[in-house]
Amino acid sequence: MSLVTAPRLETDRLILRGPEARDAEAMIAFLLDRPRSDGFGGYDHRGDAWRWFALNVGHWHLRGHGYFTIEMKHTGETAGICGIWYPEGWPEPELGWVVFAGFEGRGIAREAALRARRHAYEDLGLTTLTSNIVPGNDRSVALAERLGARHERTYTNHHMGEDMLFRHPGPDEVSE
């Protein structure tokens with residue numbers, strides 16, 4: 001059962017749905033895997049990772065959007081998260097994504113990001129989105145650029161340190 005009121009979005013291969021209690025362990029495992037999660041804000045302690053999961057649930061309640069769980073349509077496996085993130089202190093609404101271990105290189109993040117971006121523009125009425133990426137996260141930079149986002153500036157993120165802000169094309173500029 002979803003912990004939030006979130007739409008269920010689908011693509012050919014994916015379901016994007018609100019977080020459920022059963023998703024906590026996969027997210028906590030990702031956040032505790034520092035080599036994989038440092039570009040997202042990884043943690044060293046399980047309690048901190050659990051609080052991030054709860055933060056996403058709260059974000060949905062306060063903002064009406066957040067990170068969807070990416071579920072593989074045909075297997076039910078949890079493949080990652082993707083959605084619109086705009087907590088207090090963020091410069092603007094962000095389109096973000098994470099693909100869990102074993103799901104990389106399959107185009108899952110791109111497919112989820114395209115669907116989440118369409119939701120942001122068509123259903124939430126947003127007119128602009130960014131993706132904020134820490135320097136050195138080359139895979140996320142490459143995906144942002146494949147999505148049509150362009151590096152706009154670097155800024156200091158209170159939680160992450162130096163962040164590169166990529167601006168996505170607006171609703172009138174995207175075809176997917």
# chains A, B, ... in the order shown; residues from 1 in each chain; ligands from 1
call {"tool": "residues_around", "arguments": {"residues": "Arg13 in chain A", "least_positions_apart": "4", "cutoff": "9 Å", "atoms": "only C-alpha atoms", "output": "ChimeraX atom specification"}}
result
/A:71-74,108,111
call {"tool": "residues_around", "arguments": {"residues": "Gly96 in chain A", "least_positions_apart": "2", "cutoff": "8 Å", "atoms": "only C-alpha atoms", "output": "ChimeraX atom specification"}}
result
/A:67,82-85,94,98,113,131-132
call {"tool": "atom_distance", "arguments": {"atom1": "CA of Ala109 in chain A", "atom2": "CA of Asp12 in chain A"}}
result
13.3 Å
call {"tool": "residues_around", "arguments": {"residues": "range 48-54 of chain A", "least_positions_apart": "3", "cutoff": "12 Å", "atoms": "only C-alpha atoms", "output": "count of residues only"}}
result
37
call {"tool": "atom_distance", "arguments": {"atom1": "CA of Thr78 in chain A", "atom2": "CA of Pro135 in chain A"}}
result
26.9 Å
call {"tool": "residues_around", "arguments": {"residues": "His119 in chain A", "least_positions_apart": "2", "cutoff": "12 Å", "atoms": "only C-alpha atoms", "output": "number ranges by chain"}}
result
A: 6-11, 16, 65-66, 68, 82-84, 95, 112-117, 121-127, 129, 171, 176
call {"tool": "closest_residue", "arguments": {"among": "A:Glu173, A:Glu104, A:Glu162, A:Glu92", "to": "Thr130 in chain A", "atoms": "only C-alpha atoms"}}
result
A:Glu92
call {"tool": "atom_distance", "arguments": {"atom1": "CA of Thr156 in chain A", "atom2": "CA of Thr128 in chain A"}}
result
20.2 Å
call {"tool": "select_by_dssp", "arguments": {"residues": "range 39-152 of chain A", "states": "alpha helix (DSSP H)", "output": "NGL selection string"}}
result
:A and (46-63 or 108-122 or 138-146)
call {"tool": "select_by_dssp", "arguments": {"residues": "range 80-176 of chain A", "states": "strand (DSSP E)", "output": "ChimeraX atom specification"}}
result
/A:80-85,94-99,130-133,150-157,161-167
call {"tool": "write_last_selection", "arguments": {"atoms": "N, CA, C and O atoms", "output": "compact mmCIF listing (two decimals), in the first residue's frame"}}
result
# COMPACT_ATOMS: atom_id res chain seq x y z
N GLY A 80 14.78 1.38 -8.83
CA GLY A 80 15.34 2.67 -8.46
C GLY A 80 14.26 3.65 -8.10
O GLY A 80 13.13 3.26 -7.77
N ILE A 81 14.60 4.93 -8.18
CA ILE A 81 13.65 6.01 -7.92
C ILE A 81 13.83 7.10 -8.96
O ILE A 81 14.93 7.26 -9.52
N CYS A 82 12.78 7.85 -9.20
CA CYS A 82 12.85 8.97 -10.14
C CYS A 82 11.66 9.88 -9.84
O CYS A 82 10.57 9.39 -9.55
N GLY A 83 11.88 11.17 -9.92
CA GLY A 83 10.77 12.08 -9.70
C GLY A 83 11.20 13.52 -9.56
O GLY A 83 12.31 13.90 -9.92
N ILE A 84 10.29 14.30 -9.01
CA ILE A 84 10.50 15.74 -8.85
C ILE A 84 10.79 16.02 -7.39
O ILE A 84 9.99 15.71 -6.50
N TRP A 85 11.93 16.63 -7.16
CA TRP A 85 12.46 16.87 -5.81
C TRP A 85 12.62 18.37 -5.62
O TRP A 85 13.29 19.03 -6.41
N GLU A 94 13.60 19.92 -9.14
CA GLU A 94 14.62 19.11 -9.80
C GLU A 94 14.04 17.79 -10.28
O GLU A 94 13.30 17.13 -9.55
N LEU A 95 14.41 17.39 -11.47
CA LEU A 95 14.13 16.05 -11.96
C LEU A 95 15.34 15.19 -11.59
O LEU A 95 16.45 15.44 -12.06
N GLY A 96 15.12 14.22 -10.72
CA GLY A 96 16.22 13.38 -10.26
C GLY A 96 15.94 11.91 -10.51
O GLY A 96 14.80 11.50 -10.71
N TRP A 97 17.00 11.12 -10.48
CA TRP A 97 16.89 9.68 -10.73
C TRP A 97 18.01 8.94 -10.06
O TRP A 97 19.10 9.48 -9.85
N VAL A 98 17.74 7.70 -9.73
CA VAL A 98 18.72 6.75 -9.19
C VAL A 98 18.30 5.39 -9.70
O VAL A 98 17.13 5.02 -9.62
N VAL A 99 19.25 4.62 -10.23
CA VAL A 99 18.99 3.24 -10.63
C VAL A 99 19.82 2.35 -9.71
O VAL A 99 21.01 2.57 -9.52
N THR A 130 15.19 21.43 -13.38
CA THR A 130 16.64 21.31 -13.39
C THR A 130 17.00 19.88 -12.99
O THR A 130 16.17 19.15 -12.47
N SER A 131 18.23 19.52 -13.23
CA SER A 131 18.82 18.33 -12.61
C SER A 131 20.12 18.82 -11.99
O SER A 131 20.95 19.45 -12.68
N ASN A 132 20.29 18.58 -10.72
CA ASN A 132 21.44 19.06 -9.97
C ASN A 132 22.37 17.89 -9.72
O ASN A 132 21.99 16.93 -9.05
N ILE A 133 23.57 17.97 -10.27
CA ILE A 133 24.46 16.81 -10.32
C ILE A 133 25.83 17.20 -9.75
O ILE A 133 26.41 18.21 -10.14
N ARG A 150 20.92 21.30 -20.39
CA ARG A 150 22.21 21.97 -20.63
C ARG A 150 22.74 22.56 -19.33
O ARG A 150 21.98 23.12 -18.54
N HIS A 151 24.05 22.44 -19.15
CA HIS A 151 24.68 23.00 -17.95
C HIS A 151 24.46 24.51 -17.95
O HIS A 151 24.75 25.19 -18.93
N GLU A 152 23.92 25.00 -16.84
CA GLU A 152 23.63 26.42 -16.71
C GLU A 152 24.59 27.12 -15.76
O GLU A 152 25.07 28.21 -16.04
N ARG A 153 24.85 26.47 -14.62
CA ARG A 153 25.73 27.10 -13.63
C ARG A 153 26.12 26.08 -12.57
O ARG A 153 25.55 25.00 -12.50
N THR A 154 27.08 26.45 -11.76
CA THR A 154 27.47 25.67 -10.60
C THR A 154 27.07 26.48 -9.37
O THR A 154 27.14 27.71 -9.38
N TYR A 155 26.63 25.81 -8.35
CA TYR A 155 26.23 26.49 -7.12
C TYR A 155 26.62 25.62 -5.93
O TYR A 155 27.01 24.46 -6.10
N THR A 156 26.52 26.16 -4.74
CA THR A 156 26.83 25.42 -3.53
C THR A 156 25.53 24.94 -2.91
O THR A 156 24.69 25.73 -2.52
N ASN A 157 25.39 23.63 -2.84
CA ASN A 157 24.24 22.99 -2.22
C ASN A 157 24.59 22.75 -0.76
O ASN A 157 25.62 22.12 -0.46
N GLY A 161 27.34 20.12 -1.23
CA GLY A 161 28.54 20.85 -1.63
C GLY A 161 28.35 21.41 -3.03
O GLY A 161 27.26 21.85 -3.39
N GLU A 162 29.40 21.34 -3.84
CA GLU A 162 29.32 21.88 -5.20
C GLU A 162 28.37 21.03 -6.05
O GLU A 162 28.45 19.80 -6.05
N ASP A 163 27.46 21.69 -6.71
CA ASP A 163 26.48 21.03 -7.58
C ASP A 163 26.45 21.76 -8.92
O ASP A 163 26.52 22.98 -8.96
N MET A 164 26.31 20.98 -9.98
CA MET A 164 26.14 21.55 -11.32
C MET A 164 24.64 21.52 -11.64
O MET A 164 24.00 20.47 -11.52
N LEU A 165 24.10 22.66 -12.02
CA LEU A 165 22.68 22.76 -12.34
C LEU A 165 22.51 22.67 -13.84
O LEU A 165 23.07 23.47 -14.59
N PHE A 166 21.76 21.66 -14.28
CA PHE A 166 21.44 21.46 -15.69
C PHE A 166 19.98 21.85 -15.89
O PHE A 166 19.10 21.38 -15.16
N ARG A 167 19.70 22.68 -16.88
CA ARG A 167 18.34 23.15 -17.18
C ARG A 167 17.74 22.28 -18.28
O ARG A 167 18.31 22.13 -19.36
call {"tool": "decode", "arguments": {"residues": "range 64-90 of chain A", "atoms": "N, CA, C and O atoms", "output": "short mmCIF file (atom, residue, chain, number, x, y, z; two decimals), in the first residue's frame"}}
result
data_model
loop_
_atom_site.label_atom_id
_atom_site.label_comp_id
_atom_site.auth_asym_id
_atom_site.auth_seq_id
_atom_site.Cartn_x
_atom_site.Cartn_y
_atom_site.Cartn_z
N GLY A 64 3.23 17.56 -2.80
CA GLY A 64 2.35 16.94 -3.78
C GLY A 64 3.10 16.19 -4.86
O GLY A 64 2.51 15.73 -5.84
N HIS A 65 4.40 16.04 -4.69
CA HIS A 65 5.25 15.28 -5.61
C HIS A 65 6.50 14.86 -4.85
O HIS A 65 6.74 15.32 -3.74
N GLY A 66 7.27 13.99 -5.45
CA GLY A 66 8.50 13.49 -4.84
C GLY A 66 9.09 12.43 -5.73
O GLY A 66 8.82 12.39 -6.93
N TYR A 67 9.90 11.57 -5.13
CA TYR A 67 10.49 10.48 -5.90
C TYR A 67 9.51 9.32 -5.98
O TYR A 67 9.05 8.81 -4.96
N PHE A 68 9.23 8.89 -7.21
CA PHE A 68 8.47 7.67 -7.43
C PHE A 68 9.41 6.48 -7.26
O PHE A 68 10.61 6.58 -7.52
N THR A 69 8.87 5.34 -6.88
CA THR A 69 9.60 4.09 -6.96
C THR A 69 9.49 3.59 -8.40
O THR A 69 8.40 3.61 -8.98
N ILE A 70 10.61 3.20 -8.98
CA ILE A 70 10.61 2.61 -10.32
C ILE A 70 10.49 1.10 -10.15
O ILE A 70 11.34 0.46 -9.53
N GLU A 71 9.42 0.55 -10.69
CA GLU A 71 9.18 -0.88 -10.62
C GLU A 71 9.18 -1.45 -12.03
O GLU A 71 8.59 -0.87 -12.94
N MET A 72 9.85 -2.57 -12.21
CA MET A 72 9.84 -3.25 -13.50
C MET A 72 8.45 -3.86 -13.69
O MET A 72 7.98 -4.62 -12.85
N LYS A 73 7.81 -3.50 -14.79
CA LYS A 73 6.42 -3.88 -15.02
C LYS A 73 6.21 -5.40 -15.03
O LYS A 73 5.25 -5.90 -14.47
N HIS A 74 7.09 -6.13 -15.66
CA HIS A 74 6.87 -7.56 -15.85
C HIS A 74 7.40 -8.45 -14.73
O HIS A 74 7.04 -9.62 -14.65
N THR A 75 8.26 -7.89 -13.86
CA THR A 75 8.81 -8.72 -12.79
C THR A 75 8.45 -8.21 -11.39
O THR A 75 8.59 -8.94 -10.42
N GLY A 76 8.06 -6.94 -11.29
CA GLY A 76 7.76 -6.35 -9.98
C GLY A 76 8.99 -5.94 -9.21
O GLY A 76 8.89 -5.44 -8.08
N GLU A 77 10.19 -6.10 -9.79
CA GLU A 77 11.43 -5.72 -9.10
C GLU A 77 11.52 -4.21 -8.95
O GLU A 77 11.12 -3.47 -9.84
N THR A 78 12.06 -3.77 -7.82
CA THR A 78 12.31 -2.35 -7.60
C THR A 78 13.65 -2.00 -8.22
O THR A 78 14.68 -2.54 -7.83
N ALA A 79 13.63 -1.11 -9.21
CA ALA A 79 14.82 -0.79 -9.99
C ALA A 79 15.48 0.53 -9.60
O ALA A 79 16.60 0.80 -10.01
N GLY A 80 14.78 1.38 -8.83
CA GLY A 80 15.34 2.67 -8.46
C GLY A 80 14.26 3.65 -8.10
O GLY A 80 13.13 3.26 -7.77
N ILE A 81 14.60 4.93 -8.18
CA ILE A 81 13.65 6.01 -7.92
C ILE A 81 13.83 7.10 -8.96
O ILE A 81 14.93 7.26 -9.52
N CYS A 82 12.78 7.85 -9.20
CA CYS A 82 12.85 8.97 -10.14
C CYS A 82 11.66 9.88 -9.84
O CYS A 82 10.57 9.39 -9.55
N GLY A 83 11.88 11.17 -9.92
CA GLY A 83 10.77 12.08 -9.70
C GLY A 83 11.20 13.52 -9.56
O GLY A 83 12.31 13.90 -9.92
N ILE A 84 10.29 14.30 -9.01
CA ILE A 84 10.50 15.74 -8.85
C ILE A 84 10.79 16.02 -7.39
O ILE A 84 9.99 15.71 -6.50
N TRP A 85 11.93 16.63 -7.16
CA TRP A 85 12.46 16.87 -5.81
C TRP A 85 12.62 18.37 -5.62
O TRP A 85 13.29 19.03 -6.41
N TYR A 86 12.04 18.90 -4.55
CA TYR A 86 12.13 20.35 -4.30
C TYR A 86 12.01 20.63 -2.81
O TYR A 86 11.09 21.29 -2.35
N PRO A 87 12.96 20.09 -2.03
CA PRO A 87 12.91 20.34 -0.59
C PRO A 87 13.33 21.78 -0.28
O PRO A 87 13.88 22.49 -1.14
N GLU A 88 13.07 22.18 0.92
CA GLU A 88 13.49 23.51 1.38
C GLU A 88 14.99 23.66 1.12
O GLU A 88 15.78 22.76 1.39
N GLY A 89 15.39 24.80 0.56
CA GLY A 89 16.79 25.09 0.28
C GLY A 89 17.23 24.73 -1.12
O GLY A 89 18.34 25.10 -1.52
N TRP A 90 16.42 24.00 -1.88
CA TRP A 90 16.77 23.67 -3.27
C TRP A 90 16.49 24.88 -4.13
O TRP A 90 15.52 25.61 -3.89
#
